[in-house]
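Trainee: Sharing start-v3.csv here; it has CSV, C-alpha atoms.
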chain,number,residue,atom,x,y,z
U,1,MET,CA,-43.3,21.3,31.5
U,2,THR,CA,-45.7,23.8,32.9
U,3,SER,CA,-49.0,22.8,34.5
U,4,ARG,CA,-50.9,24.9,31.9
U,5,LYS,CA,-50.2,22.3,29.2
U,6,TRP,CA,-52.5,19.9,31.1
U,7,VAL,CA,-55.5,22.2,31.1
U,8,VAL,CA,-56.7,21.0,27.7
U,9,PRO,CA,-56.3,17.3,28.2
U,10,VAL,CA,-57.6,17.3,31.7
U,11,GLY,CA,-60.6,19.4,30.6
U,12,LEU,CA,-61.3,17.0,27.8
U,13,MET,CA,-61.1,14.0,30.1
U,14,ALA,CA,-63.5,15.7,32.5
U,15,MET,CA,-65.9,16.3,29.7
U,16,LEU,CA,-65.8,12.7,28.5
U,17,VAL,CA,-66.4,11.4,32.1
U,18,ALA,CA,-69.3,13.8,32.4
U,19,GLY,CA,-70.6,12.6,29.0
U,20,PHE,CA,-70.3,9.0,30.1
U,21,PHE,CA,-72.5,9.5,33.1
U,22,LEU,CA,-74.9,11.6,31.1
U,23,VAL,CA,-75.2,8.7,28.6
U,24,ARG,CA,-75.7,6.3,31.5
U,25,SER,CA,-78.5,8.3,33.0
U,26,LEU,CA,-80.1,8.9,29.7
U,27,SER,CA,-80.2,5.2,28.9
U,28,ASP,CA,-82.4,4.6,32.0
U,29,ASP,CA,-84.8,7.5,31.4
U,30,LEU,CA,-84.9,7.8,27.7
U,31,VAL,CA,-86.8,5.0,25.9
U,32,TYR,CA,-86.5,5.2,22.2
U,33,TYR,CA,-89.7,3.3,21.6
U,34,LEU,CA,-92.4,1.3,23.4
U,35,TYR,CA,-93.5,-2.1,22.5
U,36,THR,CA,-97.3,-2.5,22.2
U,37,SER,CA,-97.8,-4.1,25.6
U,38,GLU,CA,-95.8,-1.3,27.3
U,39,ALA,CA,-97.7,1.3,25.4
U,40,VAL,CA,-101.0,-0.2,26.5
U,41,GLU,CA,-99.7,-0.5,30.1
U,42,GLN,CA,-98.5,3.1,30.1
U,43,ARG,CA,-101.6,4.4,28.3
U,44,ALA,CA,-102.3,7.0,31.1
U,45,ASP,CA,-98.8,8.6,30.7
U,46,PHE,CA,-99.4,9.3,27.0
U,47,PRO,CA,-102.7,11.3,26.6
U,48,ASP,CA,-104.2,11.7,23.2
U,49,GLY,CA,-101.9,14.0,21.1
U,50,ARG,CA,-98.7,13.2,22.9
U,51,ARG,CA,-96.1,11.9,20.5
U,52,PHE,CA,-94.2,8.7,21.1
U,53,ARG,CA,-92.7,5.8,19.2
U,54,LEU,CA,-94.4,2.4,19.1
U,55,ALA,CA,-92.9,-0.9,17.9
U,56,GLY,CA,-94.5,-4.2,17.1
U,57,ILE,CA,-95.0,-6.8,14.4
U,58,VAL,CA,-97.7,-6.3,11.7
U,59,VAL,CA,-100.5,-8.8,12.4
U,60,PRO,CA,-101.2,-10.9,9.3
U,61,GLY,CA,-104.6,-10.4,7.6
U,62,THR,CA,-105.2,-7.0,9.2
U,63,ILE,CA,-103.7,-4.7,6.5
U,64,SER,CA,-106.2,-2.7,4.5
U,65,PHE,CA,-105.1,0.1,2.1
U,66,ASN,CA,-107.6,3.0,1.9
U,67,ALA,CA,-107.5,6.3,-0.1
U,68,ASP,CA,-104.7,8.1,1.8
U,69,GLU,CA,-104.2,5.9,4.8
U,70,VAL,CA,-103.3,2.3,5.7
U,71,VAL,CA,-105.1,0.6,8.6
U,72,PHE,CA,-103.6,-2.5,10.3
U,73,GLU,CA,-102.8,-4.0,13.7
U,74,VAL,CA,-99.4,-4.4,15.4
U,75,SER,CA,-98.6,-6.8,18.2
U,76,ASP,CA,-95.6,-7.8,20.4
U,77,GLY,CA,-97.2,-11.1,21.3
U,78,ALA,CA,-98.7,-9.8,24.5
U,79,ALA,CA,-100.9,-6.8,23.3
U,80,THR,CA,-102.3,-5.8,19.9
U,81,VAL,CA,-102.8,-2.2,18.9
U,82,PRO,CA,-104.9,-1.0,15.9
U,83,VAL,CA,-102.9,1.6,13.8
U,84,ARG,CA,-104.0,4.2,11.3
U,85,LEU,CA,-101.0,5.2,9.2
U,86,LEU,CA,-101.5,8.5,7.2
U,87,GLY,CA,-99.4,8.3,4.1
U,88,THR,CA,-97.5,5.6,2.2
U,89,PRO,CA,-95.5,3.0,4.1
U,90,PRO,CA,-92.0,2.0,2.8
U,91,GLN,CA,-91.5,-0.6,0.1
U,92,LEU,CA,-90.8,-3.5,2.5
U,93,PHE,CA,-94.0,-3.0,4.5
U,94,ALA,CA,-95.9,-6.3,4.7
U,95,GLU,CA,-97.5,-8.8,7.1
U,96,ASP,CA,-95.3,-10.2,9.9
U,97,VAL,CA,-92.7,-7.4,9.4
U,98,PRO,CA,-91.4,-5.6,12.6
U,99,VAL,CA,-92.3,-1.9,12.3
U,100,LEU,CA,-91.5,1.3,14.3
U,101,MET,CA,-94.0,4.1,14.2
U,102,GLU,CA,-94.1,7.7,15.4
U,103,GLY,CA,-97.5,9.1,16.4
U,104,THR,CA,-100.1,9.6,19.0
U,105,TRP,CA,-102.9,7.8,20.7
U,106,GLU,CA,-106.4,8.8,19.3
U,107,GLY,CA,-108.7,6.9,21.6
U,108,GLU,CA,-107.9,3.2,21.2
U,109,VAL,CA,-106.2,3.7,17.9
U,110,PHE,CA,-102.5,4.7,17.3
U,111,GLU,CA,-102.4,7.4,14.7
U,112,SER,CA,-99.0,7.6,12.9
U,113,ASP,CA,-97.5,9.7,10.2
U,114,LEU,CA,-94.1,8.0,10.1
U,115,LEU,CA,-93.5,4.3,9.8
U,116,LEU,CA,-90.0,2.7,9.6
U,117,ILE,CA,-89.2,-1.0,9.0
U,118,ARG,CA,-87.1,-2.6,11.7
U,119,HIS,CA,-84.7,-5.1,10.3
U,120,GLU,CA,-83.9,-8.0,12.6
U,121,GLU,CA,-80.3,-9.2,13.1
U,122,GLY,CA,-81.0,-12.5,11.2
U,123,TYR,CA,-80.2,-13.0,7.5
U,124,GLU,CA,-81.8,-15.9,5.6
U,125,ALA,CA,-81.3,-17.1,2.0
U,126,PRO,CA,-84.5,-17.9,0.1
U,127,ASP,CA,-85.1,-21.6,-0.6
U,128,GLU,CA,-87.9,-23.4,-2.5
U,129,GLY,CA,-91.2,-21.9,-1.5
U,130,ASN,CA,-89.4,-18.9,0.0
U,131,VAL,CA,-89.1,-16.3,-2.6
U,132,PRO,CA,-87.4,-13.0,-1.8
U,133,GLU,CA,-89.5,-9.8,-2.1
U,134,SER,CA,-88.4,-6.7,-4.0
G,1,MET,CA,-40.5,-7.0,-5.1
G,2,LYS,CA,-41.2,-7.7,-1.5
G,3,ARG,CA,-42.9,-4.4,-1.0
G,4,ALA,CA,-45.5,-5.3,-3.7
G,5,ALA,CA,-46.5,-8.5,-1.9
G,6,LEU,CA,-49.0,-7.0,0.5
G,7,PRO,CA,-50.8,-4.8,-2.0
G,8,THR,CA,-51.0,-7.7,-4.4
G,9,LEU,CA,-52.5,-10.0,-1.7
G,10,THR,CA,-54.9,-7.2,-0.8
G,11,GLY,CA,-56.0,-6.8,-4.4
G,12,ALA,CA,-56.6,-10.6,-4.7
G,13,ALA,CA,-58.5,-10.7,-1.4
G,14,LEU,CA,-60.7,-7.8,-2.4
G,15,ALA,CA,-61.5,-9.4,-5.8
G,16,LEU,CA,-62.5,-12.7,-4.0
G,17,GLY,CA,-64.6,-10.7,-1.5
G,18,LEU,CA,-66.4,-8.9,-4.3
G,19,PHE,CA,-66.9,-12.2,-6.2
G,20,LEU,CA,-68.5,-13.8,-3.1
G,21,ALA,CA,-70.5,-10.7,-2.3
G,22,VAL,CA,-72.1,-10.7,-5.8
G,23,ASN,CA,-72.6,-14.5,-5.8
G,24,SER,CA,-74.1,-14.9,-2.3
G,25,PRO,CA,-77.8,-15.4,-2.1
G,26,PRO,CA,-80.2,-12.4,-1.7
G,27,ASP,CA,-81.9,-12.0,1.7
G,28,LEU,CA,-85.4,-13.4,2.3
G,29,ILE,CA,-86.7,-10.0,3.4
G,30,GLN,CA,-84.3,-7.4,2.0
G,31,GLY,CA,-83.6,-9.0,-1.3
G,32,GLU,CA,-80.5,-7.6,-3.0
G,33,PHE,CA,-80.0,-4.8,-0.5
G,34,VAL,CA,-78.3,-7.2,1.8
G,35,ARG,CA,-75.1,-6.9,-0.4
G,36,ILE,CA,-74.4,-3.5,1.1
G,37,LEU,CA,-73.6,-5.4,4.3
G,38,TYR,CA,-70.4,-6.8,2.8
G,39,VAL,CA,-69.0,-3.2,2.5
G,40,HIS,CA,-70.8,-1.7,5.5
G,41,VAL,CA,-69.7,-4.1,8.2
G,42,PRO,CA,-66.0,-4.4,7.1
G,43,SER,CA,-65.9,-0.6,7.0
G,44,ALA,CA,-67.2,-0.3,10.5
G,45,TRP,CA,-64.8,-3.0,11.6
G,46,LEU,CA,-61.8,-1.1,10.1
G,47,ALA,CA,-62.9,2.1,11.8
G,48,PHE,CA,-62.9,0.2,15.2
G,49,LEU,CA,-59.5,-1.5,14.4
G,50,ALA,CA,-57.9,1.8,13.2
G,51,PHE,CA,-59.0,3.8,16.3
G,52,GLY,CA,-57.8,0.9,18.5
G,53,VAL,CA,-54.4,1.1,16.8
G,54,THR,CA,-54.4,4.9,17.3
G,55,ALA,CA,-55.1,4.4,21.0
G,56,PHE,CA,-52.3,1.9,21.2
G,57,GLY,CA,-49.8,4.2,19.4
G,58,SER,CA,-50.9,7.1,21.5
G,59,ALA,CA,-50.5,5.2,24.8
G,60,THR,CA,-47.1,3.8,23.7
G,61,TRP,CA,-46.0,7.3,22.8
G,62,LEU,CA,-46.9,8.6,26.2
G,63,ILE,CA,-44.6,5.9,27.7
G,64,ARG,CA,-41.7,5.8,25.2
G,65,LYS,CA,-41.9,9.3,23.8
G,66,THR,CA,-40.5,8.2,20.4
G,67,GLU,CA,-41.7,9.7,17.1
G,68,ARG,CA,-42.6,6.5,15.4
G,69,TRP,CA,-45.5,5.8,17.8
G,70,ASP,CA,-46.9,9.3,17.1
G,71,ARG,CA,-46.7,8.5,13.4
G,72,LEU,CA,-48.5,5.2,13.9
G,73,ALA,CA,-51.4,6.9,15.9
G,74,ALA,CA,-51.8,9.7,13.3
G,75,SER,CA,-51.6,7.4,10.2
G,76,SER,CA,-54.2,5.0,11.7
G,77,ALA,CA,-56.6,7.7,12.7
G,78,GLU,CA,-56.7,9.0,9.1
G,79,ILE,CA,-57.7,5.6,7.8
G,80,GLY,CA,-60.2,5.3,10.6
G,81,VAL,CA,-61.9,8.5,9.7
G,82,LEU,CA,-62.1,7.5,6.1
G,83,PHE,CA,-63.8,4.2,6.9
G,84,THR,CA,-66.1,5.7,9.5
G,85,ALA,CA,-67.4,7.9,6.7
G,86,LEU,CA,-67.8,4.9,4.4
G,87,ALA,CA,-69.7,3.0,7.1
G,88,LEU,CA,-72.0,6.0,7.7
G,89,LEU,CA,-72.6,6.5,3.9
G,90,THR,CA,-73.2,2.8,3.1
G,91,GLY,CA,-75.6,2.6,6.1
G,92,MET,CA,-77.6,5.6,4.8
G,93,ILE,CA,-77.8,4.1,1.3
G,94,TRP,CA,-79.1,0.8,2.8
G,95,GLY,CA,-81.4,2.5,5.3
G,96,ARG,CA,-83.4,4.4,2.7
G,97,PRO,CA,-84.9,1.3,1.0
G,98,VAL,CA,-85.0,-1.0,3.9
G,99,TRP,CA,-86.0,1.1,6.9
G,100,GLY,CA,-87.6,3.9,4.9
G,101,THR,CA,-85.2,6.6,6.1
G,102,TYR,CA,-81.6,7.7,5.4
G,103,TRP,CA,-81.0,8.8,9.0
G,104,ASP,CA,-82.6,8.8,12.4
G,105,TRP,CA,-81.0,11.1,15.0
G,106,LEU,CA,-82.8,9.2,17.9
G,107,ASP,CA,-81.0,6.0,16.9
G,108,ALA,CA,-78.1,5.4,19.3
G,109,ARG,CA,-76.0,3.5,16.8
G,110,MET,CA,-76.2,6.2,14.2
G,111,SER,CA,-75.8,9.2,16.6
G,112,SER,CA,-72.8,7.6,18.4
G,113,THR,CA,-71.1,6.7,15.1
G,114,ALA,CA,-71.6,10.3,13.9
G,115,LEU,CA,-70.1,11.6,17.2
G,116,MET,CA,-67.1,9.3,16.8
G,117,PHE,CA,-66.6,10.5,13.2
G,118,PHE,CA,-66.5,14.2,14.4
G,119,VAL,CA,-64.3,13.5,17.4
G,120,TYR,CA,-61.7,11.9,15.2
G,121,LEU,CA,-62.0,14.7,12.6
G,122,GLY,CA,-61.3,16.9,15.6
G,123,TYR,CA,-58.2,14.7,16.4
G,124,LEU,CA,-56.9,15.4,12.9
G,125,ALA,CA,-57.7,19.1,13.2
G,126,LEU,CA,-55.8,19.2,16.5
G,127,ARG,CA,-52.8,17.8,14.7
G,128,ARG,CA,-53.0,20.4,12.0
G,129,ALA,CA,-53.4,23.2,14.4
G,130,THR,CA,-50.4,22.3,16.6
G,131,PRO,CA,-47.1,23.2,14.8
G,132,ASP,CA,-44.6,22.0,17.4
G,133,PRO,CA,-44.0,18.3,16.9
G,134,LEU,CA,-43.6,17.5,20.6
G,135,GLN,CA,-46.6,19.4,21.7
G,136,ARG,CA,-48.6,17.9,18.8
G,137,ALA,CA,-47.6,14.4,19.8
G,138,ARG,CA,-48.5,14.9,23.4
G,139,ARG,CA,-51.8,16.6,22.8
G,140,SER,CA,-52.9,14.1,20.2
G,141,ALA,CA,-51.7,11.1,22.2
G,142,ILE,CA,-53.9,12.1,25.1
G,143,LEU,CA,-56.9,12.7,22.9
G,144,GLY,CA,-56.1,9.4,21.1
G,145,VAL,CA,-56.3,7.5,24.3
G,146,ILE,CA,-59.5,9.2,25.6
G,147,ALA,CA,-61.4,9.1,22.3
G,148,VAL,CA,-61.1,5.3,22.0
G,149,ILE,CA,-63.8,4.8,24.7
G,150,GLN,CA,-66.2,5.6,21.9
G,151,VAL,CA,-65.4,2.4,20.1
G,152,PRO,CA,-67.0,0.1,22.7
G,153,LEU,CA,-69.8,2.6,23.1
G,154,VAL,CA,-70.6,2.5,19.4
G,155,TYR,CA,-70.2,-1.3,19.2
G,156,PHE,CA,-72.5,-2.0,22.2
G,157,SER,CA,-74.9,0.8,21.5
G,158,VAL,CA,-77.4,-1.6,19.9
G,159,SER,CA,-77.5,-3.7,23.1
G,160,ILE,CA,-77.4,-0.8,25.6
G,161,TRP,CA,-80.3,1.1,24.0
G,162,ARG,CA,-83.3,0.2,21.9
G,163,THR,CA,-82.5,1.2,18.4
G,164,LEU,CA,-83.8,1.2,14.9
G,165,HIS,CA,-80.4,-0.4,14.0
G,166,GLN,CA,-80.5,-4.2,14.3
G,167,GLY,CA,-78.7,-5.9,17.0
G,168,MET,CA,-75.5,-8.0,16.7
G,169,THR,CA,-75.7,-10.8,14.1
G,170,VAL,CA,-72.3,-12.3,15.2
G,171,THR,CA,-72.4,-13.2,18.9
G,172,SER,CA,-70.9,-15.8,21.2
G,173,ASP,CA,-74.0,-17.8,20.7
G,174,GLY,CA,-73.4,-18.2,17.0
G,175,ILE,CA,-74.1,-16.3,13.7
G,176,ALA,CA,-77.7,-15.7,12.8
G,177,MET,CA,-77.0,-15.8,9.1
G,178,ASP,CA,-77.0,-18.1,6.0
G,179,GLY,CA,-73.7,-20.0,5.5
G,180,GLU,CA,-72.9,-18.5,2.1
G,181,MET,CA,-73.5,-15.0,3.4
G,182,VAL,CA,-71.2,-15.7,6.4
G,183,ALA,CA,-68.5,-16.8,3.9
G,184,ALA,CA,-68.9,-13.6,1.9
G,185,LEU,CA,-68.9,-11.4,5.0
G,186,MET,CA,-65.8,-13.1,6.5
G,187,ALA,CA,-63.9,-12.9,3.1
G,188,ASN,CA,-64.6,-9.2,3.0
G,189,LEU,CA,-63.6,-8.6,6.6
G,190,ALA,CA,-60.3,-10.3,5.9
G,191,ALA,CA,-59.8,-8.3,2.6
G,192,PHE,CA,-60.6,-5.0,4.3
G,193,THR,CA,-58.2,-5.9,7.1
G,194,LEU,CA,-55.4,-6.4,4.5
G,195,LEU,CA,-56.5,-3.2,2.9
G,196,TYR,CA,-56.0,-1.4,6.2
G,197,LEU,CA,-52.5,-2.9,6.6
G,198,SER,CA,-51.6,-1.8,3.0
G,199,LEU,CA,-52.8,1.7,3.6
G,200,LEU,CA,-51.2,1.9,7.0
G,201,PHE,CA,-47.8,0.8,5.9
G,202,GLU,CA,-47.9,3.2,2.9
G,203,ARG,CA,-49.0,6.1,5.1
G,204,LEU,CA,-46.3,5.3,7.7
G,205,ARG,CA,-43.7,5.3,5.0
G,206,LEU,CA,-44.9,8.7,3.8
G,207,ALA,CA,-45.0,10.1,7.4
G,208,LYS,CA,-41.4,9.1,7.9
G,209,LEU,CA,-40.4,10.8,4.6
G,210,GLU,CA,-42.4,13.9,5.7
G,211,ALA,CA,-40.5,14.0,9.0
G,212,LEU,CA,-37.1,13.7,7.1
G,213,ALA,CA,-38.0,16.6,4.7
G,214,GLU,CA,-36.9,20.1,5.6
G,215,PRO,CA,-39.6,21.7,7.7
G,216,ILE,CA,-41.4,24.3,5.5
G,217,ALA,CA,-43.0,27.4,7.1
G,218,GLU,CA,-46.6,26.5,6.2
G,219,PRO,CA,-49.6,28.5,7.3
G,220,ILE,CA,-51.2,26.9,10.3
G,221,ALA,CA,-54.9,26.0,10.4
G,222,GLY,CA,-56.8,28.9,11.9
G,223,GLU,CA,-53.9,31.4,11.5
G,224,ALA,CA,-55.8,33.6,9.2
G,225,ILE,CA,-58.5,34.2,11.8
G,226,SER,CA,-58.0,37.2,14.0
G,227,THR,CA,-59.9,38.1,17.1
G,228,PRO,CA,-62.7,40.5,16.2
G,229,LYS,CA,-62.0,44.0,17.7
G,230,LEU,CA,-65.0,44.8,19.7
G,231,GLY,CA,-66.2,48.3,19.7
G,232,SER,CA,-63.8,49.5,17.0
G,233,GLN,CA,-66.6,49.9,14.4
G,234,LEU,CA,-69.0,51.6,16.8
Any chance you could give the structure as structure tokens?
Mentor:
Amino acid sequence: MTSRKWVVPVGLMAMLVAGFFLVRSLSDDLVYYLYTSEAVEQRADFPDGRRFRLAGIVVPGTISFNADEVVFEVSDGAATVPVRLLGTPPQLFAEDVPVLMEGTWEGEVFESDLLLIRHEEGYEAPDEGNVPES
Amino acid sequence: MKRAALPTLTGAALALGLFLAVNSPPDLIQGEFVRILYVHVPSAWLAFLAFGVTAFGSATWLIRKTERWDRLAASSAEIGVLFTALALLTGMIWGRPVWGTYWDWLDARMSSTALMFFVYLGYLALRRATPDPLQRARRSAILGVIAVIQVPLVYFSVSIWRTLHQGMTVTSDGIAMDGEMVAALMANLAAFTLLYLSLLFERLRLAKLEALAEPIAEPIAGEAISTPKLGSQL
């Protein structure tokens, strides 16, 4: 066996090790989304117009549908942020639902053009008084 | 008669799994969409299992250097790629109505699963592109051992990173799920595992026959491509 045969596997292994460390360092720096209290805390790092992702739970009683936007508040329990969503939210959008939005700060309001529903890891069957939506 | 036992058992288990999946209650929030879970989770589990077996076959080949371990690694990888594709596809179908999107590249679970899919497609391509059986076995065994690190990466991606994809429902602390749903999920996990074994044994039998057959001079993948002659046109 010549040593050349090992070039491909050794190269592959080196790439994977490099990839592993890249992933590790990314997981420290790259935050996929901020919870509302983090977003409020780091308000200075995200000037108006800088896009980021914001996560929270829709506060009951705050949703109002206007002509081509939806206005509501999201909270993570520690901080509440008012949101203006341009466009139509997905079907499962409702009070108390965890949401993930992409957008920018516009003053004290988070202006978003993309809202996704986060589904939590729990699954529950409906019982009396609890009727499934859809 | 004995050879038909496993496929028969698999068919019965899949039928039971389907019955439970259809008759389990809808989810409080998702409604009927929850039923995709009974295909999605077992598919992802089979992908993990299959790539684990590929790594085991690969490692054993590197020690023993006998053909049967290479066949095991290759056969299992084919099934793994199929079920990774199925997991990705069912996830996308579920994601559109529930999340509001088919795909999100920033999500660690989705991106790492897509990466795993393409790396194992690469594994199969590597096998096709290496005509010498010994060289093919060695190269793919090494890749088979290395590539398996993606399995824990994909599995734990939801707890390492913040993701759109939900976290683990089944943990050491218990199962955050309605009892009837757990029964349906477990039945389908068992049925899919039997399906994996059926497919694997059949594929191993075929691989053995392929090895016995006269080697045919087939075109190799990539053979038709020649190096462009730079400057010849100018």
Trainee: Mind giving me the straight-line distance from atom CA of G:Leu14 to atom CA of G:Leu185 in Å, one decimal?
Mentor: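 Atom CA of G:Leu185 lies 11.6 Å from atom CA of G:Leu14.
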Trainee: May I ask which of the residues G:Glu67, G:Glu223, G:Glu180, G:Asp107 is the closest one to G:Pro131, counting only C-alpha atoms?
Mentor: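 Nearest candidate to G:Pro131 out of G:Glu67, G:Glu223, G:Glu180, G:Asp107: G:Glu223.
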Trainee: Please report as a list in words which residues of chain G come no farther than 6 Å from chain U, using all atoms listed in the file.
Mentor: Pro25, Asp27, Leu28, Gly31, Trp99, Gly100, Arg162, Leu164, Gln166, Gly167, Thr169, Ala176, Met177 and Asp178 of chain G
Trainee: Using only C-alpha atoms, which residues sit within 7 Å of U:Val81 once same-chain residues fewer than 3 positions away are excluded, as a PyMOL selection string?
Mentor: chain U and resi 36+73-75+109
Trainee: Neighbouring residues of G:Leu153 were defined as those with any atom within 10 Å, considering all atoms listed in the file; residues of the same chain fewer than 5 positions away were excluded. Please report them as a VMD selection string.
Mentor: (chain U and resid 20 23) or (chain G and resid 108 to 109 112 to 113 116 148 158 to 160)
Trainee: Rounded to one decimal, what separation in Å do you get between atom CA of U:Thr104 and atom CA of U:Ala67?
Mentor: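 Separation between atom CA of U:Thr104 and atom CA of U:Ala67: 20.7 Å.
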Trainee: Would you please work out which residue, of G:Arg71, G:Gly222, G:Val145, G:Gly11, is nearest to G:Pro133 when using only C-alpha atoms?
Mentor: G:Arg71
Trainee: Could you tell me how far atom CA of G:Val41 sits from atom CA of G:Gly91, in Å to one decimal place?
Mentor: 9.2 Å
Trainee: Pick from G:Ala4, G:Val119, G:Ile29, G:His40: nearest to U:Glu95, with all atoms listed in the file counted?
Mentor: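 Closest residue, counting all atoms listed in the file: G:Ile29.
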Trainee: Applying 10 Å and all atoms listed in the file, which residues near U:Ala79 remain after dropping the ones on its own chain fewer than 3 positions away? List them as a list in words.
Mentor: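 Surrounding residues, per the criterion: Tyr35, Thr36, Ser37, Glu38, Ala39, Val40, Glu41, Gly56, Val74, Ser75 and Asp76 of chain U.
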Trainee: Name the closest residue to U:Ala14 among the candidates G:Leu16, G:Ile146, G:Ala44, G:Val151; distances are taken between atoms, counting only C-alpha atoms.
Mentor: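 When distances to U:Ala14 are compared using only C-alpha atoms, the smallest one comes from G:Ile146.
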Trainee: Which neighbours of G:Arg35 fall inside 12 Å, counting all atoms listed in the file, when residues of the same chain fewer than 3 positions from it are skipped, and could you give them as a ChimeraX atom specification?
Mentor: /U:123 /G:17-27,30-32,38-41,90-91,93-94,181-182,184-185,188
Trainee: Applying 9 Å and all atoms listed in the file, which residues near G:Leu49 remain after dropping the ones on its own chain fewer than 2 positions away? List them as an MDAnalysis selection string.
Mentor: chainID G and resid 44:47 51:54 76 80 193 196
Trainee: Could stretch 165-176 of chain G be completed with N, CA, C and O atoms and returned as a short mmCIF file (atom, residue, chain, number, x, y, z; two decimals), in the frame of the given file?
Mentor:
data_model
loop_
_atom_site.label_atom_id
_atom_site.label_comp_id
_atom_site.auth_asym_id
_atom_site.auth_seq_id
_atom_site.Cartn_x
_atom_site.Cartn_y
_atom_site.Cartn_z
N HIS G 165 -81.49 0.49 14.49
CA HIS G 165 -80.40 -0.40 14.00
C HIS G 165 -80.56 -1.75 14.57
O HIS G 165 -80.77 -1.88 15.77
N GLN G 166 -80.42 -2.78 13.76
CA GLN G 166 -80.50 -4.20 14.30
C GLN G 166 -79.42 -4.48 15.24
O GLN G 166 -78.37 -3.86 15.22
N GLY G 167 -79.65 -5.49 16.06
CA GLY G 167 -78.70 -5.90 17.00
C GLY G 167 -77.51 -6.69 16.36
O GLY G 167 -77.38 -6.68 15.14
N MET G 168 -76.69 -7.33 17.19
CA MET G 168 -75.50 -8.00 16.70
C MET G 168 -75.91 -9.33 16.02
O MET G 168 -76.62 -10.13 16.62
N THR G 169 -75.40 -9.56 14.81
CA THR G 169 -75.70 -10.80 14.10
C THR G 169 -74.65 -11.86 14.56
O THR G 169 -74.98 -13.03 14.76
N VAL G 170 -73.41 -11.42 14.75
CA VAL G 170 -72.30 -12.30 15.20
C VAL G 170 -72.16 -12.17 16.68
O VAL G 170 -71.70 -11.15 17.16
N THR G 171 -72.59 -13.19 17.43
CA THR G 171 -72.40 -13.20 18.90
C THR G 171 -71.76 -14.43 19.35
O THR G 171 -71.48 -15.32 18.54
N SER G 172 -71.53 -14.54 20.65
CA SER G 172 -70.90 -15.80 21.20
C SER G 172 -71.79 -16.98 21.04
O SER G 172 -71.34 -18.11 21.09
N ASP G 173 -73.10 -16.73 20.85
CA ASP G 173 -74.00 -17.80 20.70
C ASP G 173 -74.07 -18.39 19.25
O ASP G 173 -74.72 -19.38 18.98
N GLY G 174 -73.38 -17.70 18.35
CA GLY G 174 -73.40 -18.20 17.00
C GLY G 174 -73.68 -17.00 16.02
O GLY G 174 -73.76 -15.85 16.44
N ILE G 175 -73.84 -17.34 14.76
CA ILE G 175 -74.10 -16.30 13.70
C ILE G 175 -75.45 -16.55 13.12
O ILE G 175 -75.71 -17.60 12.54
N ALA G 176 -76.33 -15.57 13.28
CA ALA G 176 -77.70 -15.70 12.80
C ALA G 176 -77.73 -15.33 11.29
O ALA G 176 -78.26 -14.30 10.89
#
